[in-house]
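This report refers to the structure that appears directly beneath it.
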Amino acid sequence: MKPYLRLFDFSQEINYKNEILAGLTVAMTMMPESLSFAILAGFPPLVGLYAAFIMGLVTSVFGGRPGLISGGAGATVVVLIALMKSNGLDYVFAAVALAGVIQILVGLFKLGKFIRLVPQPVMYGFVNGLAVIIFMAQIEQFKTNIGGHETWLTGQPLLIMAGLVLLTIAIVLILPRITKAVPPSLIAIIVVFLIVLVFGIPTKTVKDIAAVSGGFPPFHIPAVPVNIETLKIIFPYSLIMAGVGLTEGLLTLNLVDEMTATRGSGNRECLAQGSANILNGFFFGMGGCPMIAQTLVNLSAGARARLSGIIAALTILVIILFGAPIIERVPMAALTGVMIMVAVGTFEWISFRIVNKMPTQDVFVGVLVALVTIWLHNLALAVLIGIIISALVFAWESAKRIRARKYLDANGTKHYEIYGPLFFGSVTAFNEKFDILNDPEVVIVDFKDSRVADMSGIEALNKLTERYRKAGKKLHIRYLSEDCRLLLKNAADVIEVNILEDPAYYVATSD
């Protein structure tokens, strides 16, 4: 089959029932979230639904892996709130389109692979923090708006809301023990909807958030001046949005890879996400990225192909065009119960069981990432902080591992056999191994069990040879890589390399 046709190939053992039902369930859970974030940012409600449709359709067809669900995510929308308040909606659309261009460039230059640098403790913190955010967002549904002020539900409205949420959770928990033929989340939503409808129970519905009826996403060129001043305004927002979207997307892709024991394409996901955001900028959408909660709903419903995401996106469009009167009557309690179970399923409970087996620094990193995620609602920043701290901890631990075995041979030559990496963190410890004043006339440093990892290590060798030269002694360095020998050409007269025994070591390559 030709490569371009594989994008639309649904012939590989697809369970169509699971895919369709999962897509319907995803659509039901995605709509209120997209509406809520659009309203939070001050956008027209339909801007959120258009984003859910466009992001969902484009990334489901062209994205980095099957099963991944994208939509109008809160993480990317939060970035745009300040721009909306200061410059208006058209600047938001321009920023979204530019963010898409940046994401496409990341995909074209194949930079998506750098998500592999995220350590497991950071992943634990990211997922656990996100689970808490999802759960806390559902708690907000127990509030009501009275006179422009939000207050907690009390009395009968609170009991009704809590009862319906608990009923939803009970169905999601119990139904899989009876049958796995249908997604429990979808059945829970339908059952609670029918109970509220038949008995006329007064409770908050989707309509209380916003109206969802409208037309097809209209083509709209952002009405902004095309000049350098506009670029200065929107570029910072676009860059942050692109970074946040790609970070969340690639982390979610990695998570799905682990759950399904399959491998997705990070670079392809970057290209798809960027293309979808460009379309959002010109078709009245607020942009977005992969949504981990809806992705987990999709997977838990048994979906493993691209069809479910396409069904979800088309369902949202059909609802916008024709089904708004019905969907607007769906109780928020049902959607809240489903999302609470998603939060419970998202949380990495295994991190509690293995916490006493993890290094202290890994526990600290995981907890810190979770706290930053919860506190700032900025997943990209939380992950970045976690990676930096993990890298510093690794550098510190690696710096302590460098050591030297010293001995004199029969000719009175002193040998230093170096073990461990020589890099910026271990340079000081490396220099402390040598006794230049008391060493004999000839010294040999053996790097067979060590590697020079960066320029700091190379400079340390350069300075060491110079110090021995000033002391009137000769230093030989063996088993040094070709790269280091080239960079140390100024000290070539005191370097001895045994070519026959020199293993093919390399300093630092992308391979």
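So you can find residues: chains in the structure tokens are A, B, ... in the order shown, residues in each start at 1, and ligands are numbered from 1 in order.
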
Spatial neighbours of A:Ala52, max dist 8 Å, only C-alpha atoms, sep filter under 3 positions, as an NGL selection string: :A and (30-31 or 34 or 48-49 or 55-56 or 70-72 or 288 or 313 or 316)

Do you know which residues are at most 9 Å from A:Ile160 counting only C-alpha atoms, after dropping those on the same chain fewer than 3 positions away, and could you put them as a PyMOL selection string? chain A and resi 155-157+163-165+201-203+333

Residue subset to file, keeping N, CA and C atoms, as a CSV table (one decimal), in the first residue's frame:
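Just written: part_32.csv:
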```
chain,number,residue,atom,x,y,z
A,155,GLY,N,-27.9,22.4,50.3
A,155,GLY,CA,-29.2,21.9,50.4
A,155,GLY,C,-29.5,20.8,49.3
A,156,GLN,N,-30.8,20.9,48.8
A,156,GLN,CA,-31.2,19.9,47.8
A,156,GLN,C,-30.4,19.9,46.5
A,157,PRO,N,-30.1,21.1,46.0
A,157,PRO,CA,-29.2,21.0,44.7
A,157,PRO,C,-27.9,20.3,44.9
A,163,GLY,N,-25.6,13.0,44.4
A,163,GLY,CA,-26.2,11.7,44.1
A,163,GLY,C,-26.0,11.2,42.7
A,164,LEU,N,-26.2,12.2,41.8
A,164,LEU,CA,-26.0,11.8,40.4
A,164,LEU,C,-24.6,11.5,40.0
A,165,VAL,N,-23.7,12.2,40.6
A,165,VAL,CA,-22.2,12.0,40.4
A,165,VAL,C,-21.9,10.6,40.9
A,201,ILE,N,-35.7,15.9,37.2
A,201,ILE,CA,-34.9,16.3,38.3
A,201,ILE,C,-34.2,17.6,37.9
A,202,PRO,N,-34.3,18.6,38.8
A,202,PRO,CA,-33.6,19.9,38.5
A,202,PRO,C,-32.1,19.8,38.9
A,203,THR,N,-31.3,20.0,37.9
A,203,THR,CA,-29.9,19.9,38.1
A,203,THR,C,-29.2,20.7,37.0
A,333,ALA,N,-23.6,16.5,36.0
A,333,ALA,CA,-23.2,15.5,37.0
A,333,ALA,C,-22.7,14.3,36.4
```

How far is it from atom CA of A:Thr76 to atom CA of A:Val244, in Å with one decimal?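 It comes out at 6.4 Å.
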
Between A:Ile146, A:Ile39, A:Ile354, A:Ala223, single out the one closest to A:Ile81, counting only C-alpha atoms.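 Counting only C-alpha atoms, the residue closest to A:Ile81 is A:Ile39.
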
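In this model, the gap between atom CA of A:Arg268 and atom CA of A:Arg304 comes to 17.8 Å.
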
Where does DSSP see helix (DSSP H, G or I) in stretch 286-506 of chain A, if you list the residues as a VMD selection string? chain A and resid 292 to 300 307 to 327 332 to 346 350 to 353 355 to 357 360 to 376 379 to 399 427 to 431 455 to 470 482 to 487 489 to 494

Tell me, in Å to one decimal, how far atom CA of A:Leu422 is from atom CA of A:Leu461. 9.5 Å

Counting only C-alpha atoms, the residue among A:Pro183, A:Tyr50, A:Leu253, A:Gly64 that lies closest to A:Gly214 is A:Tyr50

Measuring between only C-alpha atoms, which one of A:Val79, A:Leu35, A:Leu68, A:Val106 shows the shortest distance to A:Asn254?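 Among the listed residues, A:Leu68 lies closest to A:Asn254.
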
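Proximity to A:Phe135 at 10 Å, evaluated using only C-alpha atoms and with sequence-adjacent residues fewer than 2 positions away removed, yields Gly129, Leu130, Ala131, Val132, Ile133, Ala137, Gln138, Ile139, Glu140, Thr336, Gly337, Met339, Ile340, Met341, Val342, Ala343 and Val344 of chain A.
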
Which residues come within 8 Å of A:Asn128, counting only C-alpha atoms, excluding same-chain residues fewer than 5 positions away, as a ChimeraX atom specification? /A:346-348,370

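Shortest atom-to-atom contact with A:Leu335 among A:Arg403, A:Lys143, A:Lys204, A:Lys470: A:Lys204, counting only C-alpha atoms.
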
Pick the closest to A:Gln273 from A:Ile190, A:Ala301, A:Val355, A:Met291: which is it, counting only C-alpha atoms? A:Met291

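Each of A:Lys207, A:His220, A:Arg306, A:Arg353 was checked against A:Glu328 using only C-alpha atoms; the smallest atom-to-atom distance is that of A:Lys207.
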
Skipping near chain neighbours, those fewer than 4 positions away, what residues fall within 9 Å of A:Ile387 using only C-alpha atoms, listed as a ChimeraX atom specification? /A:117-119,122,365,382-383,391-392

Residue contacts of A:Gly100 (10 Å, only C-alpha atoms) excluding same-chain residues fewer than 4 positions away, as a count of residues only: 25
